[in-house]
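Everything below belongs to query.csv, which stores CSV, C-alpha atoms and all ligand atoms.
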```csv
chain,number,residue,atom,x,y,z
A,1,MET,CA,-20.8,-56.0,-75.2
A,2,ILE,CA,-18.3,-56.2,-72.4
A,3,ARG,CA,-19.0,-57.5,-68.9
A,4,PHE,CA,-16.6,-57.7,-65.9
A,5,GLU,CA,-17.7,-60.0,-63.1
A,6,ASN,CA,-15.8,-59.7,-59.8
A,7,VAL,CA,-12.6,-59.1,-61.7
A,8,SER,CA,-9.4,-58.7,-59.7
A,9,LYS,CA,-5.8,-58.6,-60.9
A,10,ARG,CA,-2.9,-58.9,-58.5
A,11,PHE,CA,0.8,-58.7,-59.4
A,12,ASP,CA,3.7,-60.1,-57.4
A,13,SER,CA,6.4,-57.4,-57.2
A,14,GLY,CA,9.5,-58.4,-55.3
A,15,GLY,CA,7.6,-60.6,-52.9
A,16,ARG,CA,4.9,-57.9,-52.4
A,17,GLN,CA,1.4,-58.2,-53.8
A,18,ILE,CA,0.0,-55.3,-55.7
A,19,ALA,CA,-3.8,-55.3,-56.1
A,20,ALA,CA,-3.9,-53.4,-59.5
A,21,VAL,CA,-7.6,-54.2,-60.0
A,22,GLU,CA,-10.0,-55.1,-57.2
A,23,ASN,CA,-13.4,-56.7,-57.6
A,24,VAL,CA,-14.6,-54.8,-60.6
A,25,ASN,CA,-18.1,-55.3,-61.9
A,26,LEU,CA,-19.0,-53.4,-65.0
A,27,ASN,CA,-21.2,-53.6,-68.0
A,28,ILE,CA,-20.3,-51.8,-71.2
A,29,GLN,CA,-23.1,-51.7,-73.7
A,30,LYS,CA,-22.8,-52.3,-77.4
A,31,GLY,CA,-22.3,-49.2,-79.6
A,32,LYS,CA,-21.3,-46.9,-76.7
A,33,ILE,CA,-18.2,-44.9,-76.0
A,34,PHE,CA,-17.2,-45.8,-72.5
A,35,GLY,CA,-14.7,-43.7,-70.6
A,36,ILE,CA,-12.5,-45.0,-67.8
A,37,ILE,CA,-10.8,-42.2,-65.8
A,38,GLY,CA,-8.5,-42.1,-62.8
A,39,PHE,CA,-5.1,-40.9,-61.7
A,40,SER,CA,-1.9,-42.7,-62.5
A,41,GLY,CA,-1.7,-46.1,-61.0
A,42,ALA,CA,-5.4,-46.4,-60.5
A,43,GLY,CA,-5.5,-49.7,-62.5
A,44,LYS,CA,-7.1,-48.4,-65.7
A,45,SER,CA,-4.7,-50.0,-68.1
A,46,THR,CA,-4.7,-53.3,-66.2
A,47,LEU,CA,-8.5,-53.4,-66.2
A,48,VAL,CA,-8.7,-52.7,-69.9
A,49,ARG,CA,-5.9,-55.2,-70.7
A,50,CYS,CA,-8.2,-57.8,-69.0
A,51,ILE,CA,-10.7,-57.3,-71.8
A,52,ASN,CA,-8.4,-58.8,-74.5
A,53,LEU,CA,-6.5,-60.9,-71.9
A,54,LEU,CA,-3.2,-59.1,-72.4
A,55,GLU,CA,-3.5,-59.5,-68.6
A,56,SER,CA,-5.4,-62.5,-67.3
A,57,PRO,CA,-7.5,-61.7,-64.2
A,58,THR,CA,-6.4,-63.4,-61.0
A,59,GLU,CA,-10.1,-63.7,-60.2
A,60,GLY,CA,-13.4,-63.2,-61.9
A,61,LYS,CA,-14.7,-63.4,-65.4
A,62,VAL,CA,-14.6,-61.2,-68.5
A,63,TYR,CA,-17.3,-61.6,-71.2
A,64,VAL,CA,-17.0,-60.0,-74.7
A,65,ASP,CA,-20.1,-60.2,-76.8
A,66,GLY,CA,-21.5,-62.9,-74.6
A,67,VAL,CA,-18.4,-65.2,-74.7
A,68,GLU,CA,-16.4,-65.7,-71.6
A,69,LEU,CA,-12.8,-65.1,-72.8
A,70,THR,CA,-11.3,-66.1,-69.6
A,71,GLY,CA,-12.5,-69.7,-70.3
A,72,LEU,CA,-11.2,-70.1,-73.8
A,73,SER,CA,-8.4,-72.2,-75.3
A,74,GLU,CA,-5.4,-70.4,-76.9
A,75,ASP,CA,-6.7,-71.0,-80.4
A,76,LYS,CA,-10.2,-69.8,-79.7
A,77,LEU,CA,-8.9,-66.9,-77.8
A,78,ARG,CA,-6.8,-65.8,-80.8
A,79,GLU,CA,-9.9,-65.9,-82.9
A,80,HIS,CA,-11.9,-63.8,-80.5
A,81,ARG,CA,-9.1,-61.3,-79.9
A,82,LYS,CA,-9.6,-60.3,-83.6
A,83,LYS,CA,-12.8,-58.7,-82.5
A,84,ILE,CA,-10.9,-56.4,-80.2
A,85,GLY,CA,-8.6,-53.7,-81.6
A,86,MET,CA,-6.3,-51.6,-79.4
A,87,ILE,CA,-4.5,-48.2,-79.7
A,88,PHE,CA,-2.0,-46.7,-77.3
A,89,GLN,CA,-0.5,-43.4,-76.2
A,90,GLN,CA,2.9,-44.3,-77.9
A,91,PHE,CA,1.2,-45.5,-81.1
A,92,ASN,CA,3.3,-48.7,-81.2
A,93,LEU,CA,3.8,-48.7,-85.0
A,94,PHE,CA,6.4,-50.8,-86.8
A,95,LYS,CA,9.1,-48.2,-87.5
A,96,SER,CA,10.7,-50.1,-90.4
A,97,ARG,CA,7.4,-50.6,-92.2
A,98,THR,CA,5.5,-48.0,-94.3
A,99,VAL,CA,2.1,-46.7,-93.4
A,100,TYR,CA,0.5,-49.1,-95.8
A,101,GLU,CA,2.5,-52.1,-94.5
A,102,ASN,CA,1.6,-51.2,-90.9
A,103,VAL,CA,-2.1,-51.3,-91.8
A,104,ALA,CA,-1.7,-54.4,-93.8
A,105,PHE,CA,0.1,-56.3,-91.0
A,106,PRO,CA,-3.0,-57.6,-89.1
A,107,LEU,CA,-4.3,-59.0,-92.5
A,108,ARG,CA,-1.2,-61.1,-93.2
A,109,ARG,CA,-3.1,-64.4,-92.3
A,110,SER,CA,-6.4,-63.2,-93.5
A,111,LYS,CA,-8.3,-65.3,-96.1
A,112,LEU,CA,-9.0,-62.2,-98.2
A,113,GLY,CA,-7.6,-62.2,-101.8
A,114,LYS,CA,-4.9,-59.8,-102.8
A,115,ALA,CA,-7.2,-57.3,-104.5
A,116,GLU,CA,-9.7,-57.5,-101.6
A,117,LYS,CA,-6.9,-56.8,-99.1
A,118,GLU,CA,-5.7,-53.9,-101.1
A,119,GLU,CA,-9.2,-52.4,-101.3
A,120,LYS,CA,-9.6,-52.9,-97.6
A,121,ILE,CA,-6.3,-51.1,-96.7
A,122,GLU,CA,-7.0,-48.3,-99.1
A,123,GLY,CA,-10.5,-47.9,-97.5
A,124,LEU,CA,-9.0,-47.7,-94.0
A,125,LEU,CA,-6.4,-45.2,-95.1
A,126,LYS,CA,-9.1,-43.1,-96.6
A,127,LEU,CA,-11.2,-43.4,-93.5
A,128,VAL,CA,-8.3,-41.9,-91.4
A,129,GLY,CA,-7.4,-39.4,-94.0
A,130,LEU,CA,-3.9,-40.7,-94.9
A,131,GLU,CA,-4.3,-41.9,-98.6
A,132,GLU,CA,-1.4,-39.6,-99.5
A,133,TYR,CA,1.0,-41.1,-97.0
A,134,LYS,CA,0.9,-44.8,-97.7
A,135,LYS,CA,4.5,-44.9,-98.7
A,136,SER,CA,5.7,-42.8,-95.7
A,137,TYR,CA,7.5,-44.3,-92.7
A,138,PRO,CA,6.3,-43.5,-89.1
A,139,SER,CA,9.3,-41.3,-88.5
A,140,GLN,CA,8.1,-39.0,-91.3
A,141,LEU,CA,4.7,-38.5,-89.6
A,142,SER,CA,3.4,-36.2,-86.9
A,143,GLY,CA,1.9,-37.6,-83.7
A,144,GLY,CA,-1.6,-37.2,-84.9
A,145,GLN,CA,-0.8,-38.9,-88.2
A,146,LYS,CA,0.8,-41.8,-86.4
A,147,GLN,CA,-2.2,-42.3,-84.2
A,148,ARG,CA,-4.4,-42.3,-87.4
A,149,VAL,CA,-2.2,-45.1,-88.8
A,150,ALA,CA,-2.6,-47.0,-85.5
A,151,ILE,CA,-6.4,-46.5,-85.7
A,152,ALA,CA,-6.5,-47.8,-89.3
A,153,ARG,CA,-4.4,-50.8,-88.2
A,154,ALA,CA,-6.6,-51.5,-85.2
A,155,LEU,CA,-9.6,-51.6,-87.5
A,156,ALA,CA,-8.2,-53.9,-90.1
A,157,ASN,CA,-9.8,-57.1,-88.7
A,158,ASP,CA,-13.2,-55.5,-88.5
A,159,PRO,CA,-13.3,-55.5,-84.7
A,160,GLN,CA,-16.5,-54.9,-82.6
A,161,VAL,CA,-14.5,-53.3,-79.8
A,162,LEU,CA,-11.8,-50.7,-79.9
A,163,LEU,CA,-9.7,-50.2,-76.7
A,164,SER,CA,-7.9,-46.9,-76.5
A,165,ASP,CA,-5.3,-46.5,-73.7
A,166,GLU,CA,-4.6,-42.8,-73.5
A,167,SER,CA,-4.5,-42.5,-77.2
A,168,THR,CA,-4.6,-38.7,-77.2
A,169,SER,CA,-2.3,-38.1,-74.2
A,170,ALA,CA,0.8,-37.4,-76.2
A,171,LEU,CA,-1.0,-35.0,-78.6
A,172,ASP,CA,-1.7,-31.2,-78.5
A,173,PRO,CA,-5.3,-30.1,-77.8
A,174,GLN,CA,-6.1,-29.4,-81.4
A,175,THR,CA,-4.8,-32.8,-82.6
A,176,THR,CA,-6.6,-34.4,-79.7
A,177,LYS,CA,-9.8,-32.9,-80.9
A,178,SER,CA,-9.3,-34.3,-84.4
A,179,ILE,CA,-8.5,-37.8,-83.2
A,180,LEU,CA,-11.5,-37.7,-80.9
A,181,LYS,CA,-13.6,-36.7,-83.9
A,182,LEU,CA,-12.2,-39.7,-85.9
A,183,LEU,CA,-13.0,-42.1,-83.0
A,184,LYS,CA,-16.5,-40.7,-82.8
A,185,LYS,CA,-16.9,-41.4,-86.5
A,186,VAL,CA,-15.6,-44.9,-86.1
A,187,ASN,CA,-18.1,-45.4,-83.3
A,188,GLU,CA,-21.1,-44.0,-85.1
A,189,GLU,CA,-20.5,-45.2,-88.7
A,190,MET,CA,-19.1,-48.6,-88.0
A,191,GLY,CA,-21.0,-49.3,-84.7
A,192,ILE,CA,-17.8,-50.1,-82.9
A,193,THR,CA,-17.9,-50.0,-79.1
A,194,ILE,CA,-15.0,-47.9,-77.8
A,195,VAL,CA,-13.4,-48.1,-74.3
A,196,MET,CA,-11.4,-44.9,-73.7
A,197,ILE,CA,-8.9,-44.8,-70.9
A,198,THR,CA,-8.0,-41.2,-70.1
A,199,HIS,CA,-6.9,-39.0,-67.2
A,200,GLU,CA,-8.5,-36.0,-68.8
A,201,MET,CA,-12.1,-35.3,-68.0
A,202,GLN,CA,-12.3,-33.1,-71.0
A,203,VAL,CA,-11.9,-36.2,-73.2
A,204,VAL,CA,-14.8,-37.9,-71.4
A,205,LYS,CA,-16.9,-34.8,-71.8
A,206,GLU,CA,-16.2,-34.6,-75.5
A,207,ILE,CA,-17.0,-38.1,-76.7
A,208,CYS,CA,-18.0,-40.5,-74.0
A,209,ASP,CA,-21.6,-41.7,-73.3
A,210,GLU,CA,-20.8,-43.3,-70.0
A,211,VAL,CA,-17.9,-43.1,-67.6
A,212,ALA,CA,-16.4,-45.1,-64.7
A,213,VAL,CA,-14.0,-43.5,-62.2
A,214,MET,CA,-11.2,-45.7,-60.9
A,215,GLU,CA,-9.3,-45.2,-57.7
A,216,LYS,CA,-6.9,-47.7,-56.1
A,217,GLY,CA,-8.0,-50.6,-58.4
A,218,GLN,CA,-11.7,-50.1,-57.8
A,219,VAL,CA,-14.5,-48.5,-59.7
A,220,VAL,CA,-15.7,-45.9,-57.3
A,221,GLU,CA,-18.3,-44.2,-59.4
A,222,LYS,CA,-20.0,-44.8,-62.7
A,223,GLY,CA,-22.9,-43.4,-64.8
A,224,SER,CA,-23.9,-41.5,-67.8
A,225,VAL,CA,-21.5,-38.6,-68.5
A,226,PHE,CA,-24.3,-36.1,-67.9
A,227,GLU,CA,-25.2,-37.7,-64.5
A,228,VAL,CA,-21.6,-37.7,-63.4
A,229,PHE,CA,-20.9,-34.1,-64.5
A,230,ALA,CA,-24.2,-32.9,-63.0
A,231,SER,CA,-23.8,-34.6,-59.6
A,232,PRO,CA,-20.5,-36.1,-58.9
A,233,LYS,CA,-20.6,-38.1,-55.7
A,234,GLN,CA,-17.0,-39.0,-54.8
A,235,GLU,CA,-14.4,-36.4,-54.0
A,236,ILE,CA,-12.1,-37.7,-56.8
A,237,THR,CA,-15.0,-37.4,-59.3
A,238,LYS,CA,-15.7,-33.8,-58.1
A,239,ALA,CA,-12.0,-33.0,-58.7
A,240,PHE,CA,-12.1,-34.4,-62.2
A,241,VAL,CA,-15.3,-32.6,-63.0
A,242,ASP,CA,-13.9,-29.3,-61.6
A,243,SER,CA,-10.8,-29.7,-63.7
A,244,THR,CA,-12.8,-29.0,-66.9
A,245,SER,CA,-14.1,-25.6,-65.8
A,246,ASN,CA,-12.9,-22.4,-64.1
A,247,LEU,CA,-15.6,-22.5,-61.5
A,248,SER,CA,-13.5,-24.0,-58.7
A,249,ARG,CA,-11.1,-21.0,-59.0
A,250,ILE,CA,-13.6,-19.3,-56.7
A,251,TYR,CA,-12.5,-21.4,-53.7
A,252,GLU,CA,-8.9,-20.3,-54.2
A,253,LEU,CA,-9.9,-16.7,-54.5
A,254,VAL,CA,-11.9,-16.8,-51.3
A,255,GLU,CA,-8.9,-18.5,-49.6
A,256,GLU,CA,-6.5,-15.9,-50.9
A,257,GLY,CA,-8.8,-13.1,-49.8
A,258,SER,CA,-9.0,-11.7,-53.3
A,259,PRO,CA,-10.6,-8.3,-53.7
A,260,MET,CA,-13.0,-9.9,-56.1
A,261,THR,CA,-14.6,-11.8,-53.2
A,262,ALA,CA,-14.7,-8.9,-50.7
A,263,LEU,CA,-18.4,-8.8,-49.8
A,264,LYS,CA,-20.5,-5.9,-48.5
A,265,GLU,CA,-22.9,-6.6,-45.7
A,266,GLY,CA,-25.7,-8.8,-46.7
A,267,GLN,CA,-24.1,-10.1,-49.9
A,268,CYS,CA,-23.2,-13.7,-50.5
A,269,ILE,CA,-21.4,-15.7,-53.2
A,270,LEU,CA,-23.4,-18.5,-54.7
A,271,ARG,CA,-22.4,-21.3,-56.9
A,272,LEU,CA,-25.2,-22.6,-59.1
A,273,ARG,CA,-25.1,-25.9,-60.9
A,274,TYR,CA,-27.3,-27.5,-63.5
A,275,LEU,CA,-28.4,-30.8,-62.0
A,276,LYS,CA,-31.1,-32.0,-64.3
A,277,GLN,CA,-31.6,-32.1,-68.0
A,278,ASP,CA,-34.0,-29.7,-69.8
A,279,VAL,CA,-33.2,-26.6,-67.8
A,280,SER,CA,-34.3,-23.9,-70.3
A,281,ASP,CA,-35.9,-21.1,-68.3
A,282,ALA,CA,-34.2,-17.7,-68.0
A,283,LEU,CA,-33.8,-18.3,-64.3
A,284,VAL,CA,-31.1,-15.8,-63.4
A,285,SER,CA,-33.0,-12.8,-64.9
A,286,HIS,CA,-36.2,-14.2,-63.5
A,287,ILE,CA,-35.0,-14.3,-59.8
A,288,SER,CA,-33.2,-11.0,-60.3
A,289,ARG,CA,-36.5,-9.3,-61.3
A,290,LYS,CA,-38.8,-11.2,-59.0
A,291,TYR,CA,-36.7,-10.8,-55.8
A,292,GLU,CA,-35.1,-7.4,-56.7
A,293,LEU,CA,-31.6,-8.9,-56.5
A,294,ASP,CA,-28.4,-7.7,-58.1
A,295,ILE,CA,-26.5,-10.6,-59.5
A,296,ASN,CA,-22.9,-10.1,-60.5
A,297,ILE,CA,-21.6,-13.2,-62.3
A,298,ILE,CA,-17.9,-13.6,-61.7
A,299,PHE,CA,-17.4,-17.0,-63.3
A,300,GLY,CA,-19.5,-18.9,-65.7
A,301,ASN,CA,-19.1,-22.2,-67.5
A,302,ILE,CA,-22.0,-23.6,-69.4
A,303,GLU,CA,-21.7,-26.1,-72.3
A,304,LEU,CA,-23.7,-28.8,-73.8
A,305,ILE,CA,-23.4,-32.5,-73.1
A,306,HIS,CA,-25.6,-34.6,-75.3
A,307,GLU,CA,-27.5,-31.5,-76.1
A,308,ASN,CA,-28.2,-30.6,-72.5
A,309,PRO,CA,-26.7,-27.6,-70.8
A,310,ILE,CA,-24.4,-28.4,-68.0
A,311,GLY,CA,-22.1,-26.4,-65.8
A,312,GLY,CA,-22.8,-23.4,-63.7
A,313,LEU,CA,-22.2,-19.9,-62.5
A,314,VAL,CA,-20.5,-18.3,-59.6
A,315,ALA,CA,-22.2,-15.0,-58.7
A,316,ILE,CA,-22.2,-12.3,-55.9
A,317,VAL,CA,-25.8,-11.7,-55.0
A,318,SER,CA,-27.0,-8.6,-53.2
A,319,GLY,CA,-30.5,-7.7,-51.9
A,320,GLU,CA,-32.8,-8.2,-49.0
A,321,ARG,CA,-31.8,-11.3,-47.0
A,322,LYS,CA,-35.3,-12.7,-47.1
A,323,ASN,CA,-35.4,-12.3,-50.8
A,324,ILE,CA,-32.1,-14.0,-51.3
A,325,GLN,CA,-33.3,-16.9,-49.2
A,326,GLU,CA,-36.5,-17.2,-51.2
A,327,ALA,CA,-34.6,-17.0,-54.5
A,328,ILE,CA,-32.4,-19.9,-53.3
A,329,GLU,CA,-35.5,-22.0,-52.5
A,330,LEU,CA,-36.9,-21.3,-56.0
A,331,LEU,CA,-33.6,-22.2,-57.7
A,332,LYS,CA,-33.5,-25.5,-55.8
A,333,GLU,CA,-37.1,-26.2,-56.8
A,334,LYS,CA,-36.1,-25.7,-60.4
A,335,ASN,CA,-33.3,-28.3,-60.0
A,336,ILE,CA,-30.5,-25.9,-59.8
A,337,GLY,CA,-27.9,-27.0,-57.2
A,338,VAL,CA,-27.1,-24.0,-54.9
A,339,GLU,CA,-24.0,-23.8,-52.8
A,340,VAL,CA,-23.3,-20.7,-50.6
A,341,ILE,CA,-19.6,-20.3,-50.9
A,342,LEU,CA,-19.2,-17.2,-48.8
A,343,ASP,CA,-21.9,-15.3,-46.8
A,344,ALA,CA,-21.2,-11.8,-45.4
A,345,GLY,CA,-24.3,-12.4,-43.3
A,346,THR,CA,-22.7,-15.3,-41.5
A,347,VAL,CA,-19.4,-13.4,-41.2
A,348,ARG,CA,-21.1,-10.6,-39.4
A,349,LYS,CA,-24.5,-11.7,-38.2
A,350,ASN,CA,-24.9,-15.4,-37.5
A,351,ASN,CA,-28.6,-15.4,-37.5
A,352,THR,CA,-29.2,-14.3,-41.0
A,353,GLN,CA,-27.6,-16.9,-43.3
A,354,CYS,CA,-28.3,-17.1,-47.0
A,355,ALA,CA,-29.2,-20.7,-46.8
B,401,LIG,N1,3.2,-56.0,-64.8
B,401,LIG,C1,3.1,-55.4,-63.6
B,401,LIG,N2,3.8,-55.9,-62.6
B,401,LIG,C2,3.7,-55.3,-61.4
B,401,LIG,N3,2.9,-54.3,-61.1
B,401,LIG,C3,2.2,-53.8,-62.1
B,401,LIG,C4,2.2,-54.3,-63.4
B,401,LIG,N4,1.4,-53.6,-64.2
B,401,LIG,C5,0.8,-52.7,-63.4
B,401,LIG,N5,1.3,-52.8,-62.1
B,401,LIG,C6,0.8,-52.0,-61.0
B,401,LIG,O1,-0.6,-52.0,-60.9
B,401,LIG,C7,-1.1,-50.7,-60.5
B,401,LIG,C8,-2.0,-50.2,-61.6
B,401,LIG,O2,-1.3,-50.0,-62.8
B,401,LIG,P1,-2.0,-49.5,-64.2
B,401,LIG,O3,-0.9,-49.4,-65.2
B,401,LIG,O4,-3.1,-50.4,-64.5
B,401,LIG,O5,-2.5,-48.0,-63.8
B,401,LIG,P2,-3.1,-46.9,-64.7
B,401,LIG,O6,-4.3,-46.4,-64.1
B,401,LIG,O7,-3.1,-47.4,-66.1
B,401,LIG,O8,-1.9,-45.8,-64.6
B,401,LIG,P3,-1.4,-44.7,-65.7
B,401,LIG,O9,-2.4,-43.6,-65.7
B,401,LIG,O10,-0.1,-44.2,-65.1
B,401,LIG,O11,-1.2,-45.4,-67.0
B,401,LIG,C9,0.1,-49.8,-60.3
B,401,LIG,O12,0.5,-49.8,-59.0
B,401,LIG,C10,1.2,-50.5,-61.1
B,401,LIG,O13,2.5,-50.3,-60.6
B,402,MG,MG,-2.2,-46.8,-67.9
```

Show me, as structure tokens, the structure contained in the file I just sent.
Ligand SMILES: Nc1ncnc2c1ncn2[C@@H]1O[C@H](COP(=O)(O)OP(=O)(O)OP(=O)(O)O)[C@@H](O)[C@H]1O
Ligand SMILES: [Mg+2]
Amino acid sequence: MIRFENVSKRFDSGGRQIAAVENVNLNIQKGKIFGIIGFSGAGKSTLVRCINLLESPTEGKVYVDGVELTGLSEDKLREHRKKIGMIFQQFNLFKSRTVYENVAFPLRRSKLGKAEKEEKIEGLLKLVGLEEYKKSYPSQLSGGQKQRVAIARALANDPQVLLSDESTSALDPQTTKSILKLLKKVNEEMGITIVMITHEMQVVKEICDEVAVMEKGQVVEKGSVFEVFASPKQEITKAFVDSTSNLSRIYELVEEGSPMTALKEGQCILRLRYLKQDVSDALVSHISRKYELDINIIFGNIELIHENPIGGLVAIVSGERKNIQEAIELLKEKNIGVEVILDAGTVRKNNTQCA
């Protein structure tokens, strides 16, 4: 649906060149929800604004539904832009227009008859759950309601693509959930491809199918959400993934010398991660029984992404050294990632490490 080919965008800023986007190649498939995540200044908004040419790339080509937008005349571009709706963190509604008038605005030059237009707008207001508010002004609405108006307005021209630039960043967690649910509905029921910019991995986890991680203008990692969560490769990706669970707290506790992490001789602290789909065996109780190990789980975070369990455990394991080592081997064979975070064996006896 969307293809970036060697896209770069540079800005001149006081005689200095800023490379906001550098040589990005990306394919976004039709019907998907595609996340773009990165820290502030990474180039996310600039990249996404290259899709509807709110920014024109300094180099490279952008294709939407097979048409190279970067090569179109103004007229043609205006026509094609209708296929692309956009929503923003700050909603960008017309303050002096009612909810109804805001949603009607993109249809002002449409060829639809009066009755058809009305029906269309009513339908959109129903879709976003704001039928009762059509005469209200934006100042009379909550943030979540304003974003619903913006979504209805963005859908007025029947777009194929919806660009969302931090559309939930100004909202509380519960409202965020309800907006994400609405976007998912728009994606599933209307088949609209959604590009979601966010700096929250939780948003990616909740609704995206695929994700690209941006750093300093470049896409440094991309893949299915499951792949990226299960085995993040870049440091920045690991940090984003860790931000959605409590598991990385263990590193701080070890650093702080917390009593929770004080080990007796022979014990070690393991972090286990699900790395593959379809992990359904009761592995923890299995290794506990088979190798006569005590396993004290101190952190756990397991949830489902696209119906597959993902996440992990942090546990203190005690037992015979040899048995711990064999248990680790078995876990690895079963596609569980094992990291030895702290090992009383290595602290006291270098020759008997857990792994
Ligand atoms: N119109 C502009 N003129 C000059 N520099 C710009 C312009 N727009 C963006 N930049 C610069 O390009 C870089 C990328 O900015 P961009 O807004 O795309 O980042 P972002 O990832 O969306 O950040 P945020 O999460 O804060 O929204 C930044 O260094 C920014 O200062
Ligand atoms: Mg931005």

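Residue neighbourhood of Lys61 (chain A), excluding near-sequence residues (fewer than 3 positions): Arg3, Phe4, Glu5, Asn6, Val7, Ser8, Val24, Asn25, Cys50, Ile51, Ser56, Pro57, Thr58, Glu68, Leu69, Thr70 and Gly71 of chain A, at 10 Å, using only C-alpha atoms.
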
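For the set A:Tyr63, A:Phe240, A:Phe299, A:Tyr137, the residue with the smallest atom-to-atom gap to Thr98 (chain A) is A:Tyr137, counting all atoms listed in the file.
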
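When all atoms listed in the file are used to measure the gap to Asn187 (chain A), the shortest distance among A:Leu331, A:Lys30, A:Ile324, A:Gly129 belongs to A:Lys30.
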
Please identify all protein, DNA and RNA residues within 12 Å of ligand MG 402 (chain B), counting only C-alpha atoms and all ligand atoms, and report them as a ChimeraX atom specification.
/A:20,36-49,88-90,164-167,169,196-199,214,217

Could you work out how far CA of Ile84 (chain A) lies from CA of Ser110 (chain A), giving the answer in Å with one decimal?
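Atom-to-atom, CA of Ser110 (chain A) and CA of Ile84 (chain A) are spaced 15.6 Å apart.
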
Minimum-distance residue to ligand LIG 401 (chain B), chosen among A:Leu72, A:Ile151, A:Val62, A:Val213 (using all atoms listed in the file)
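Selected residue with least distance to ligand LIG 401 (chain B): A:Val213.
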
Give the answer as one residue: which of A:Thr168, A:Ser248, A:Asn27, A:Gln17 has the shortest atom-to-atom distance to ligand LIG 401 (chain B), using all atoms listed in the file?
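Among the listed residues, A:Gln17 lies closest to ligand LIG 401 (chain B).
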
A:Leu93, A:Ile316, A:Val219, A:Leu272 ranked by distance to ligand LIG 401 (chain B), top pick (using only C-alpha atoms and all ligand atoms):
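For ligand LIG 401 (chain B), the nearest of the given residues is A:Val219.
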
Nearest to Glu55 (chain A): which of A:Lys111, A:Arg271, A:Arg289, A:Arg10 is it, counting only C-alpha atoms?
A:Arg10

Distance query Glu265 (chain A) at most 7 Å, all atoms listed in the file, self and fewer than 2 positions along chain excluded, as number ranges by chain
A: 263, 267, 344-345

Output C-alpha atoms for every residue in that selection, as a CSV table (one decimal), in the frame of the given file.
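The resulting file, result01.csv, is shown below:
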```
chain,number,residue,atom,x,y,z
A,263,LEU,CA,-18.4,-8.8,-49.8
A,267,GLN,CA,-24.1,-10.1,-49.9
A,344,ALA,CA,-21.2,-11.8,-45.4
A,345,GLY,CA,-24.3,-12.4,-43.3
```
